[in-house]
$ cat target_28.csv   # CSV, C-alpha atoms
chain,number,residue,atom,x,y,z
I,160,MET,CA,-59.2,-51.1,189.3
I,161,ALA,CA,-59.6,-54.2,191.4
I,162,TRP,CA,-63.2,-55.5,191.8
I,163,ARG,CA,-62.4,-58.9,193.3
I,164,CYS,CA,-59.6,-60.6,195.2
I,165,THR,CA,-56.9,-61.6,192.8
I,166,ALA,CA,-56.1,-64.7,195.0
I,167,CYS,CA,-59.5,-66.3,195.5
I,168,GLY,CA,-61.9,-64.2,193.3
I,169,GLY,CA,-63.8,-63.3,196.5
I,170,LEU,CA,-65.7,-60.0,197.2
I,171,LEU,CA,-63.9,-56.9,198.4
I,172,ASP,CA,-64.9,-54.2,200.9
I,173,VAL,CA,-63.3,-50.8,201.6
I,174,HIS,CA,-61.1,-50.7,204.7
I,175,GLY,CA,-58.8,-48.1,206.2
I,176,PHE,CA,-61.1,-45.2,205.3
I,177,ALA,CA,-62.2,-42.9,208.1
I,178,PRO,CA,-65.5,-41.1,207.1
I,179,SER,CA,-66.7,-38.0,208.8
I,180,LEU,CA,-69.7,-35.8,208.5
I,181,PRO,CA,-69.6,-32.0,208.7
I,182,ASN,CA,-71.6,-30.2,211.3
I,183,ALA,CA,-75.0,-28.8,210.6
I,184,LEU,CA,-73.7,-25.2,210.1
I,185,GLU,CA,-71.2,-26.3,207.5
I,186,LEU,CA,-73.8,-28.6,205.7
I,187,GLY,CA,-76.1,-25.6,205.5
I,188,ARG,CA,-73.5,-23.8,203.3
I,189,ARG,CA,-73.2,-26.6,200.8
I,190,ALA,CA,-75.0,-27.4,197.6
I,191,PRO,CA,-77.9,-29.8,197.9
I,192,THR,CA,-76.2,-32.8,196.3
I,193,LEU,CA,-74.8,-36.0,197.8
I,194,TRP,CA,-71.3,-34.4,197.5
I,195,ARG,CA,-72.2,-32.3,200.6
I,196,TYR,CA,-71.0,-35.4,202.4
I,197,ALA,CA,-67.6,-35.4,200.6
I,198,GLU,CA,-65.6,-36.1,203.8
I,199,ALA,CA,-67.6,-39.3,204.2
I,200,LEU,CA,-67.0,-40.6,200.6
I,201,PRO,CA,-63.8,-42.4,199.6
I,202,VAL,CA,-63.3,-40.3,196.4
I,203,PRO,CA,-62.8,-36.5,196.4
I,204,GLY,CA,-65.7,-34.5,195.3
I,205,PRO,CA,-67.7,-33.0,193.9
I,206,PRO,CA,-66.1,-34.3,190.6
I,207,ARG,CA,-66.6,-32.4,187.4
I,208,ILE,CA,-68.9,-35.2,186.2
I,209,SER,CA,-71.5,-34.5,188.8
I,210,LEU,CA,-75.1,-34.0,187.5
I,211,GLY,CA,-76.4,-32.6,190.8
I,212,GLU,CA,-77.4,-36.0,192.1
I,213,GLY,CA,-78.8,-36.4,195.6
I,214,MET,CA,-81.0,-34.6,198.2
I,215,THR,CA,-84.1,-36.0,196.7
I,216,PRO,CA,-87.4,-34.9,198.4
I,217,LEU,CA,-89.4,-36.7,201.1
I,218,VAL,CA,-93.1,-36.9,200.3
I,219,SER,CA,-96.1,-38.1,202.3
I,220,ALA,CA,-97.4,-41.5,201.7
I,221,PRO,CA,-101.0,-41.9,200.5
I,222,GLY,CA,-103.3,-42.2,203.5
I,223,ARG,CA,-100.5,-42.8,206.0
I,224,SER,CA,-99.3,-40.2,208.4
I,225,ASP,CA,-96.6,-42.6,209.8
I,226,VAL,CA,-94.8,-43.3,206.5
I,227,LEU,CA,-92.7,-41.1,204.3
I,228,LEU,CA,-91.5,-41.9,200.8
I,229,LYS,CA,-88.1,-40.7,199.4
I,230,ALA,CA,-88.4,-39.8,195.8
I,231,ASP,CA,-85.1,-41.1,194.4
I,232,PHE,CA,-86.8,-41.6,191.0
I,233,LEU,CA,-86.1,-37.9,190.6
I,234,MET,CA,-82.3,-38.5,190.3
I,235,PRO,CA,-80.7,-37.4,187.0
I,236,THR,CA,-81.0,-40.8,185.2
I,237,GLY,CA,-84.3,-41.7,187.0
I,238,SER,CA,-83.1,-44.1,189.7
I,239,PHE,CA,-81.2,-44.3,193.0
I,240,LYS,CA,-78.3,-46.0,191.2
I,241,ASP,CA,-76.9,-42.6,190.4
I,242,ARG,CA,-75.7,-42.5,194.0
I,243,GLY,CA,-73.2,-45.3,193.4
I,244,ALA,CA,-72.6,-44.8,189.7
I,245,VAL,CA,-71.2,-41.3,190.1
I,246,VAL,CA,-68.7,-42.5,192.8
I,247,LEU,CA,-67.5,-45.4,190.5
I,248,ALA,CA,-67.2,-43.0,187.5
I,249,ALA,CA,-65.2,-40.5,189.6
I,250,LEU,CA,-62.9,-43.3,190.7
I,251,ALA,CA,-62.5,-44.6,187.2
I,252,LEU,CA,-61.4,-41.1,186.0
I,253,ARG,CA,-58.8,-40.8,188.8
I,254,LEU,CA,-57.4,-44.2,187.9
I,255,GLY,CA,-57.1,-43.4,184.2
I,256,ALA,CA,-59.5,-46.1,183.0
I,257,ALA,CA,-60.0,-46.4,179.2
I,258,ARG,CA,-63.4,-47.9,179.3
I,259,LEU,CA,-66.3,-48.7,181.7
I,260,VAL,CA,-68.0,-52.0,181.7
I,261,ALA,CA,-71.2,-52.8,183.6
I,262,ASP,CA,-74.0,-55.4,183.8
I,263,SER,CA,-77.5,-54.5,184.8
I,264,SER,CA,-81.2,-55.2,184.5
I,265,GLY,CA,-81.4,-51.5,183.4
I,266,ASN,CA,-81.1,-48.8,186.1
I,267,ALA,CA,-77.5,-49.4,187.2
I,268,GLY,CA,-76.5,-49.7,183.5
I,269,THR,CA,-78.1,-46.4,182.6
I,270,ALA,CA,-76.6,-44.6,185.5
I,271,VAL,CA,-73.1,-45.9,184.7
I,272,ALA,CA,-73.6,-45.0,181.0
I,273,ALA,CA,-74.7,-41.5,181.8
I,274,TYR,CA,-71.7,-40.8,184.0
I,275,ALA,CA,-69.3,-42.5,181.5
I,276,ALA,CA,-70.7,-40.1,178.9
I,277,ARG,CA,-70.2,-37.2,181.2
I,278,ALA,CA,-66.6,-38.3,181.8
I,279,GLY,CA,-66.0,-38.8,178.1
I,280,LEU,CA,-65.3,-42.5,178.5
I,281,PRO,CA,-66.6,-45.4,176.3
I,282,CYS,CA,-69.0,-47.7,178.1
I,283,THR,CA,-70.2,-51.2,177.4
I,284,VAL,CA,-73.3,-52.6,179.3
I,285,TYR,CA,-74.5,-56.2,179.4
I,286,VAL,CA,-78.2,-56.5,180.1
I,287,PRO,CA,-80.7,-59.4,180.3
I,288,ALA,CA,-82.6,-59.9,177.0
I,289,SER,CA,-85.8,-59.0,178.9
I,290,THR,CA,-84.7,-55.5,179.8
I,291,SER,CA,-87.4,-52.9,178.9
I,292,GLU,CA,-87.1,-50.9,175.7
I,293,GLY,CA,-87.3,-47.7,177.7
I,294,LYS,CA,-84.1,-48.6,179.6
I,295,LEU,CA,-82.4,-49.9,176.4
I,296,GLY,CA,-83.2,-46.6,174.6
I,297,GLN,CA,-81.8,-44.6,177.5
I,298,LEU,CA,-78.6,-46.7,177.4
I,299,ARG,CA,-78.1,-46.2,173.7
I,300,ALA,CA,-78.9,-42.4,173.9
I,301,TYR,CA,-75.9,-42.1,176.3
I,302,GLY,CA,-73.7,-43.7,173.7
I,303,ALA,CA,-73.2,-47.0,175.5
I,304,GLU,CA,-72.5,-50.2,173.6
I,305,VAL,CA,-75.3,-52.5,174.6
I,306,HIS,CA,-75.2,-56.3,174.7
I,307,ARG,CA,-78.4,-58.2,175.4
I,308,VAL,CA,-77.8,-61.6,177.0
I,309,GLU,CA,-80.3,-64.5,177.0
I,310,GLY,CA,-81.0,-66.2,180.2
I,311,PRO,CA,-81.4,-65.1,183.8
I,312,ARG,CA,-79.9,-61.9,185.3
I,313,GLU,CA,-76.8,-63.8,186.3
I,314,ALA,CA,-76.0,-64.5,182.7
I,315,ALA,CA,-75.4,-60.8,182.0
I,316,ALA,CA,-73.1,-60.6,185.0
I,317,ALA,CA,-71.1,-63.5,183.8
I,318,ALA,CA,-70.7,-62.0,180.4
I,319,ALA,CA,-69.5,-58.7,181.9
I,320,ALA,CA,-67.1,-60.5,184.2
I,321,ARG,CA,-65.4,-62.2,181.2
I,322,VAL,CA,-64.2,-58.9,179.9
I,323,ALA,CA,-63.8,-57.0,183.2
I,324,ASP,CA,-60.1,-57.8,183.7
I,325,ALA,CA,-59.0,-56.6,180.3
I,326,PRO,CA,-56.3,-53.9,180.4
I,327,GLY,CA,-57.8,-50.4,180.9
I,328,VAL,CA,-61.2,-51.7,181.8
I,329,PHE,CA,-62.9,-50.4,184.9
I,330,TYR,CA,-65.7,-52.9,185.9
I,331,ALA,CA,-68.4,-50.5,187.3
I,332,SER,CA,-70.3,-53.3,189.0
I,333,HIS,CA,-72.9,-52.1,191.4
I,334,VAL,CA,-72.7,-55.6,193.0
I,335,HIS,CA,-69.0,-56.3,193.2
I,336,HIS,CA,-67.2,-53.0,193.3
I,337,PRO,CA,-67.0,-52.0,197.0
I,338,PHE,CA,-67.1,-48.2,196.3
I,339,PHE,CA,-70.7,-48.4,195.0
I,340,VAL,CA,-72.3,-48.8,198.5
I,341,HIS,CA,-70.4,-45.7,199.7
I,342,GLY,CA,-72.5,-43.8,197.2
I,343,THR,CA,-75.8,-45.4,198.2
I,344,LYS,CA,-75.1,-44.8,201.9
I,345,THR,CA,-75.9,-41.1,201.2
I,346,TYR,CA,-79.6,-42.1,201.0
I,347,VAL,CA,-79.4,-42.4,204.8
I,348,PHE,CA,-77.3,-39.3,205.3
I,349,GLU,CA,-80.0,-37.3,203.5
I,350,LEU,CA,-82.8,-38.8,205.6
I,351,TRP,CA,-80.9,-37.9,208.7
I,352,GLU,CA,-80.6,-34.3,207.6
I,353,GLN,CA,-84.2,-34.1,206.3
I,354,LEU,CA,-85.6,-35.4,209.5
I,355,GLY,CA,-83.7,-33.0,211.7
I,356,GLY,CA,-80.8,-35.2,212.8
I,357,ARG,CA,-82.9,-38.3,213.3
I,358,LEU,CA,-83.8,-41.4,211.4
I,359,PRO,CA,-87.1,-43.3,211.3
I,360,ALA,CA,-87.7,-46.3,213.4
I,361,THR,CA,-87.8,-48.5,210.3
I,362,LEU,CA,-86.2,-48.4,206.9
I,363,VAL,CA,-88.2,-50.4,204.3
I,364,LEU,CA,-86.0,-51.2,201.4
I,365,PRO,CA,-86.3,-53.3,198.2
I,366,VAL,CA,-83.7,-56.0,197.9
I,367,GLY,CA,-82.3,-57.9,194.9
I,368,ASN,CA,-78.5,-57.5,194.8
I,369,GLY,CA,-78.8,-55.5,198.0
I,370,THR,CA,-76.8,-52.3,197.1
I,371,LEU,CA,-79.4,-50.0,198.8
I,372,VAL,CA,-79.7,-52.3,201.9
I,373,LEU,CA,-75.9,-52.5,202.3
I,374,GLY,CA,-75.5,-48.8,201.7
I,375,ALA,CA,-78.2,-47.9,204.1
I,376,TYR,CA,-76.8,-50.2,206.8
I,377,LEU,CA,-73.3,-48.7,206.2
I,378,GLY,CA,-74.6,-45.1,206.4
I,379,CYS,CA,-76.5,-45.9,209.7
I,380,ARG,CA,-73.5,-47.5,211.2
I,381,GLU,CA,-71.3,-44.5,210.4
I,382,LEU,CA,-73.9,-42.1,211.9
I,383,LEU,CA,-74.0,-44.3,215.0
I,384,GLU,CA,-70.2,-44.5,215.3
I,385,GLN,CA,-70.0,-40.7,215.1
I,386,ARG,CA,-72.7,-40.4,217.8
I,387,LEU,CA,-75.1,-38.6,215.4
I,388,ILE,CA,-77.8,-41.1,216.1
I,389,ASP,CA,-78.4,-43.1,219.2
I,390,ARG,CA,-79.6,-46.4,217.7
I,391,MET,CA,-79.8,-48.2,214.4
I,392,PRO,CA,-83.2,-48.2,212.5
I,393,VAL,CA,-84.7,-51.6,211.9
I,394,ILE,CA,-84.3,-52.7,208.2
I,395,THR,CA,-87.2,-54.5,206.6
I,396,ALA,CA,-86.2,-55.7,203.2
I,397,VAL,CA,-88.8,-56.6,200.6
I,398,GLN,CA,-88.5,-59.2,197.7
I,399,ALA,CA,-90.9,-60.2,195.0
I,400,ALA,CA,-92.4,-63.6,196.0
I,401,ALA,CA,-91.6,-65.0,192.6
I,402,CYS,CA,-87.9,-64.5,193.2
I,403,ALA,CA,-87.0,-64.4,196.9
I,404,PRO,CA,-83.8,-66.2,197.7
I,405,LEU,CA,-83.0,-64.0,200.7
I,406,ALA,CA,-86.5,-64.4,202.3
I,407,SER,CA,-86.0,-68.2,202.2
I,408,ALA,CA,-82.3,-68.0,202.8
I,409,ALA,CA,-81.9,-70.8,200.4
I,410,SER,CA,-78.4,-72.3,200.1
I,411,GLU,CA,-79.0,-73.7,196.7
I,412,ARG,CA,-79.9,-71.9,193.5
I,413,ILE,CA,-83.5,-71.1,193.2
I,414,THR,CA,-85.5,-71.2,190.0
I,415,PRO,CA,-86.9,-67.6,189.6
I,416,GLU,CA,-90.4,-67.1,188.1
I,417,PRO,CA,-91.2,-64.1,186.0
I,418,THR,CA,-92.1,-61.0,188.1
I,419,VAL,CA,-93.1,-57.4,187.3
I,420,ALA,CA,-90.4,-56.4,189.8
I,421,GLU,CA,-87.6,-57.0,187.3
I,422,GLY,CA,-85.1,-54.8,189.1
I,423,ILE,CA,-84.9,-57.2,192.1
I,424,ALA,CA,-85.3,-60.5,190.3
I,425,ILE,CA,-81.9,-61.8,191.5
I,426,ALA,CA,-81.8,-65.6,192.0
I,427,ARG,CA,-78.4,-65.7,193.8
I,428,PRO,CA,-77.2,-62.3,195.2
I,429,ALA,CA,-73.4,-62.2,195.3
I,430,ARG,CA,-73.4,-60.5,198.7
I,431,GLY,CA,-76.3,-62.5,200.1
I,432,ALA,CA,-74.6,-63.4,203.3
I,433,GLN,CA,-73.6,-59.8,203.9
I,434,ILE,CA,-77.1,-58.6,203.2
I,435,LEU,CA,-78.7,-61.1,205.7
I,436,ALA,CA,-76.1,-60.3,208.3
I,437,ALA,CA,-76.8,-56.5,208.0
I,438,ILE,CA,-80.5,-56.9,208.3
I,439,ALA,CA,-80.2,-59.3,211.2
I,440,GLU,CA,-77.9,-56.9,213.1
I,441,THR,CA,-80.7,-54.2,213.0
I,442,GLY,CA,-83.3,-56.7,214.2
I,443,GLY,CA,-85.0,-56.6,210.8
I,444,THR,CA,-86.3,-59.2,208.5
I,445,VAL,CA,-87.0,-60.0,204.8
I,446,VAL,CA,-90.6,-60.2,203.6
I,447,THR,CA,-92.2,-61.0,200.2
I,448,VAL,CA,-95.0,-59.6,198.2
I,449,THR,CA,-96.9,-61.2,195.3
I,450,ASP,CA,-97.1,-59.7,191.9
I,451,ASP,CA,-100.8,-59.0,192.4
I,452,ARG,CA,-99.9,-56.8,195.5
I,453,ILE,CA,-97.1,-55.1,193.5
I,454,ARG,CA,-99.5,-54.2,190.7
I,455,ALA,CA,-102.1,-52.9,193.2
I,456,ALA,CA,-99.4,-50.8,195.0
I,457,HIS,CA,-98.2,-49.5,191.7
I,458,ARG,CA,-101.7,-48.3,190.8
I,459,GLU,CA,-102.2,-46.7,194.2
I,460,LEU,CA,-98.9,-44.8,194.0
I,461,ALA,CA,-99.7,-43.6,190.5
I,462,ARG,CA,-103.2,-42.4,191.6
I,463,SER,CA,-101.3,-40.4,194.2
I,464,GLY,CA,-99.2,-38.7,191.6
I,465,LEU,CA,-96.1,-41.0,192.0
I,466,TYR,CA,-95.4,-42.8,188.7
I,467,VAL,CA,-92.6,-45.3,189.5
I,468,GLU,CA,-91.5,-48.5,188.0
I,469,PRO,CA,-93.1,-51.7,189.4
I,470,THR,CA,-90.0,-52.6,191.3
I,471,SER,CA,-90.3,-49.3,193.2
I,472,ALA,CA,-93.8,-50.4,194.4
I,473,VAL,CA,-92.7,-53.4,196.4
I,474,CYS,CA,-92.1,-51.5,199.6
I,475,TRP,CA,-95.4,-49.8,199.5
I,476,ALA,CA,-97.0,-53.2,198.8
I,477,ALA,CA,-95.4,-54.6,201.9
I,478,LEU,CA,-96.5,-51.6,204.0
I,479,GLU,CA,-100.1,-51.8,202.8
I,480,ALA,CA,-100.2,-55.6,203.3
I,481,GLY,CA,-99.2,-55.1,207.0
I,482,LEU,CA,-96.0,-57.0,206.6
I,483,VAL,CA,-93.8,-54.4,208.2
I,484,PRO,CA,-93.8,-54.5,212.0
I,485,VAL,CA,-95.2,-51.2,213.4
I,486,PRO,CA,-93.4,-49.9,216.5
I,487,PRO,CA,-95.0,-47.1,218.6
I,488,VAL,CA,-94.8,-43.7,216.8
I,489,GLU,CA,-92.6,-41.3,218.7
I,490,GLY,CA,-93.9,-37.8,218.4
I,491,ASP,CA,-93.6,-36.6,214.9
I,492,ARG,CA,-90.9,-39.1,214.0
I,493,PRO,CA,-92.1,-41.3,211.1
I,494,PHE,CA,-92.3,-44.9,211.9
I,495,ALA,CA,-91.0,-45.9,208.4
I,496,VAL,CA,-89.4,-44.4,205.3
I,497,ALA,CA,-89.4,-46.3,202.0
I,498,PRO,CA,-87.7,-45.3,198.7
I,499,LEU,CA,-89.2,-44.8,195.3
I,500,CYS,CA,-86.2,-46.1,193.5
I,501,GLY,CA,-86.9,-45.7,189.8
I,502,THR,CA,-89.1,-43.8,187.5
I,503,GLY,CA,-92.0,-45.5,185.6
I,504,LEU,CA,-91.1,-43.6,182.4
I,505,LYS,CA,-88.6,-46.2,181.3
I,506,SER,CA,-90.6,-49.3,182.2
I,507,ALA,CA,-93.8,-50.7,180.8
I,508,PRO,CA,-96.6,-50.6,183.3
I,509,PRO,CA,-97.4,-54.0,184.8
I,510,ALA,CA,-100.1,-56.0,183.1
I,511,ALA,CA,-103.4,-56.1,185.0
$ encode --input "target_28.csv" --output "structure tokens"
Amino acid sequence: MAWRCTACGGLLDVHGFAPSLPNALELGRRAPTLWRYAEALPVPGPPRISLGEGMTPLVSAPGRSDVLLKADFLMPTGSFKDRGAVVLAALALRLGAARLVADSSGNAGTAVAAYAARAGLPCTVYVPASTSEGKLGQLRAYGAEVHRVEGPREAAAAAAARVADAPGVFYASHVHHPFFVHGTKTYVFELWEQLGGRLPATLVLPVGNGTLVLGAYLGCRELLEQRLIDRMPVITAVQAAACAPLASAASERITPEPTVAEGIAIARPARGAQILAAIAETGGTVVTVTDDRIRAAHRELARSGLYVEPTSAVCWAALEAGLVPVPPVEGDRPFAVAPLCGTGLKSAPPAA
């Protein structure tokens, strides 16, 4: 049940776990869910609470032959956060938790609430007061108790942390709980399979709290350690210019401005140092895009049949703005893959 060090309150990571990936023949026999990689996940699976999450499609990018987009907005609750939430819920069941608690700007909370409902466990979610009505409606539909917290995103996290150590409570924090990124690393495993045992030269990823960046880095490292790839892809992480603490690597708290990319509007990421170290190890960088570019990218994706939330448009905005370094294309290997992380159906479209 631990989600932080009991001595200093610091962050935890998973150690002493030896992941492995089955061979291609064995993978071909398995169901197209993220649980096909059960040997690489630190909880047994597939659990009874699975909703068939994972193995989302790769689609072509509008007007770009060198870029593919991974449609994680087609996950059961409409976002990539299902990857980590199902792992946390499965762990909570094994530990006999009485209640799940989460804090979220929307997508992580709805994912946790869905799997808590599937597990038959009560769930309480603390959200910023600015969270969209679509996400609030989804949370309540799953039966979650929702608390709206005034102030920045960090205020919701602080409210959840105050109750997270109560007896029987499992704090299903996508930021703090170290098992979450072991779910998000399956994003990379799927890419590796879908691209025929290879990875693209560049992974373009949105970054707020960094759960997808850290998961992707972990997945790539595990593939490399098992000699299933011969090099790490470069990670280019994208932030909204209105709230970009990682891009500036500011040591002091920034004052975030409002942004249409609400899902990554994190003024002080708890794992900021880890995120920056992971990106640097791949030779990558953090870039920023303005809200105007995000709106334009959102419209372009929608006109191509891809209706995602504004946060999901930040990577496409960076690609279209020429902010992602372009290495030489190697045969039919895509230079870059970017995720479409969340559906637009639960977020209001950005104002023009």
$ atom_distance --input "target_28.csv" --atom1 "atom CA of Pro203 of chain I" --atom2 "atom CA of Gly169 of chain I"
26.8 Å
$ residues_near_point --input "target_28.csv" --point "(-65.2, -46.4, 185.0)" --cutoff "9 Å" --atoms "only C-alpha atoms" --output "MDAnalysis selection string"
chainID I and resid 160 244 247:252 254:261 271 274:275 278 280:282 328:331
$ atom_distance --input "target_28.csv" --atom1 "atom CA of Thr444 of chain I" --atom2 "atom CA of Ala461 of chain I"
27.3 Å
$ closest_residue --input "target_28.csv" --among "I:Ala495, I:Val473, I:Gly296, I:Ile425" --to "Pro392 of chain I" --atoms "only C-alpha atoms"
I:Ala495
$ atom_distance --input "target_28.csv" --atom1 "atom CA of Glu198 of chain I" --atom2 "atom CA of Leu371 of chain I"
20.2 Å
$ closest_residue --input "target_28.csv" --among "I:Glu212, I:Glu440, I:Val284, I:Leu482" --to "Arg299 of chain I" --atoms "all atoms listed in the file"
I:Val284
$ residues_around --input "target_28.csv" --residues "Gln385 of chain I" --least-positions-apart "2" --cutoff "12 Å" --atoms "only C-alpha atoms" --output "PyMOL selection string"
chain I and resi 177-182+199+378-383+387-390
$ residues_around --input "target_28.csv" --residues "Ala403 of chain I" --least-positions-apart "2" --cutoff "8 Å" --atoms "all atoms listed in the file" --output "ChimeraX atom specification"
/I:398-401,405-407,415,424-426,447
$ build_atoms --input "target_28.csv" --residues "segment 298-319 of chain I" --atoms "N, CA and C atoms" --output "PDB file, keeping the file's coordinate frame"
ATOM      1  N   LEU I 298     -79.956 -46.249 177.517  1.00  0.00           N
ATOM      2  CA  LEU I 298     -78.600 -46.700 177.400  1.00  0.00           C
ATOM      3  C   LEU I 298     -77.941 -46.246 176.086  1.00  0.00           C
ATOM      4  N   ARG I 299     -78.655 -46.478 175.020  1.00  0.00           N
ATOM      5  CA  ARG I 299     -78.100 -46.200 173.700  1.00  0.00           C
ATOM      6  C   ARG I 299     -78.017 -44.651 173.483  1.00  0.00           C
ATOM      7  N   ALA I 300     -78.948 -43.912 174.071  1.00  0.00           N
ATOM      8  CA  ALA I 300     -78.900 -42.400 173.900  1.00  0.00           C
ATOM      9  C   ALA I 300     -77.630 -41.884 174.588  1.00  0.00           C
ATOM     10  N   TYR I 301     -77.161 -42.516 175.651  1.00  0.00           N
ATOM     11  CA  TYR I 301     -75.900 -42.100 176.300  1.00  0.00           C
ATOM     12  C   TYR I 301     -74.682 -42.482 175.513  1.00  0.00           C
ATOM     13  N   GLY I 302     -74.869 -43.280 174.466  1.00  0.00           N
ATOM     14  CA  GLY I 302     -73.700 -43.700 173.700  1.00  0.00           C
ATOM     15  C   GLY I 302     -73.131 -45.025 174.083  1.00  0.00           C
ATOM     16  N   ALA I 303     -73.796 -45.741 174.999  1.00  0.00           N
ATOM     17  CA  ALA I 303     -73.200 -47.000 175.500  1.00  0.00           C
ATOM     18  C   ALA I 303     -73.400 -48.096 174.405  1.00  0.00           C
ATOM     19  N   GLU I 304     -72.442 -49.002 174.394  1.00  0.00           N
ATOM     20  CA  GLU I 304     -72.500 -50.200 173.600  1.00  0.00           C
ATOM     21  C   GLU I 304     -73.314 -51.242 174.401  1.00  0.00           C
ATOM     22  N   VAL I 305     -74.444 -51.695 173.879  1.00  0.00           N
ATOM     23  CA  VAL I 305     -75.300 -52.500 174.600  1.00  0.00           C
ATOM     24  C   VAL I 305     -75.321 -53.967 174.105  1.00  0.00           C
ATOM     25  N   HIS I 306     -75.151 -54.929 175.017  1.00  0.00           N
ATOM     26  CA  HIS I 306     -75.200 -56.300 174.700  1.00  0.00           C
ATOM     27  C   HIS I 306     -76.337 -57.003 175.430  1.00  0.00           C
ATOM     28  N   ARG I 307     -77.322 -57.514 174.728  1.00  0.00           N
ATOM     29  CA  ARG I 307     -78.400 -58.200 175.400  1.00  0.00           C
ATOM     30  C   ARG I 307     -78.049 -59.696 175.494  1.00  0.00           C
ATOM     31  N   VAL I 308     -78.228 -60.225 176.711  1.00  0.00           N
ATOM     32  CA  VAL I 308     -77.800 -61.600 177.000  1.00  0.00           C
ATOM     33  C   VAL I 308     -78.992 -62.438 177.371  1.00  0.00           C
ATOM     34  N   GLU I 309     -79.160 -63.543 176.672  1.00  0.00           N
ATOM     35  CA  GLU I 309     -80.300 -64.500 177.000  1.00  0.00           C
ATOM     36  C   GLU I 309     -80.013 -65.158 178.301  1.00  0.00           C
ATOM     37  N   GLY I 310     -81.118 -65.522 178.964  1.00  0.00           N
ATOM     38  CA  GLY I 310     -81.000 -66.200 180.200  1.00  0.00           C
ATOM     39  C   GLY I 310     -81.298 -65.356 181.411  1.00  0.00           C
ATOM     40  N   PRO I 311     -81.054 -65.855 182.621  1.00  0.00           N
ATOM     41  CA  PRO I 311     -81.400 -65.100 183.800  1.00  0.00           C
ATOM     42  C   PRO I 311     -80.418 -63.909 184.004  1.00  0.00           C
ATOM     43  N   ARG I 312     -80.728 -63.076 184.997  1.00  0.00           N
ATOM     44  CA  ARG I 312     -79.900 -61.900 185.300  1.00  0.00           C
ATOM     45  C   ARG I 312     -78.450 -62.225 185.455  1.00  0.00           C
ATOM     46  N   GLU I 313     -78.173 -63.371 186.069  1.00  0.00           N
ATOM     47  CA  GLU I 313     -76.800 -63.800 186.300  1.00  0.00           C
ATOM     48  C   GLU I 313     -75.985 -63.983 185.054  1.00  0.00           C
ATOM     49  N   ALA I 314     -76.671 -64.303 183.943  1.00  0.00           N
ATOM     50  CA  ALA I 314     -76.000 -64.500 182.700  1.00  0.00           C
ATOM     51  C   ALA I 314     -75.324 -63.226 182.180  1.00  0.00           C
ATOM     52  N   ALA I 315     -76.003 -62.107 182.382  1.00  0.00           N
ATOM     53  CA  ALA I 315     -75.400 -60.800 182.000  1.00  0.00           C
ATOM     54  C   ALA I 315     -74.214 -60.494 182.831  1.00  0.00           C
ATOM     55  N   ALA I 316     -74.276 -60.807 184.126  1.00  0.00           N
ATOM     56  CA  ALA I 316     -73.100 -60.600 185.000  1.00  0.00           C
ATOM     57  C   ALA I 316     -71.938 -61.416 184.589  1.00  0.00           C
ATOM     58  N   ALA I 317     -72.198 -62.657 184.226  1.00  0.00           N
ATOM     59  CA  ALA I 317     -71.100 -63.500 183.800  1.00  0.00           C
ATOM     60  C   ALA I 317     -70.454 -63.038 182.523  1.00  0.00           C
ATOM     61  N   ALA I 318     -71.263 -62.508 181.606  1.00  0.00           N
ATOM     62  CA  ALA I 318     -70.700 -62.000 180.400  1.00  0.00           C
ATOM     63  C   ALA I 318     -69.834 -60.771 180.612  1.00  0.00           C
ATOM     64  N   ALA I 319     -70.268 -59.897 181.523  1.00  0.00           N
ATOM     65  CA  ALA I 319     -69.500 -58.700 181.900  1.00  0.00           C
ATOM     66  C   ALA I 319     -68.167 -59.130 182.550  1.00  0.00           C
TER      67      ALA I 319
END
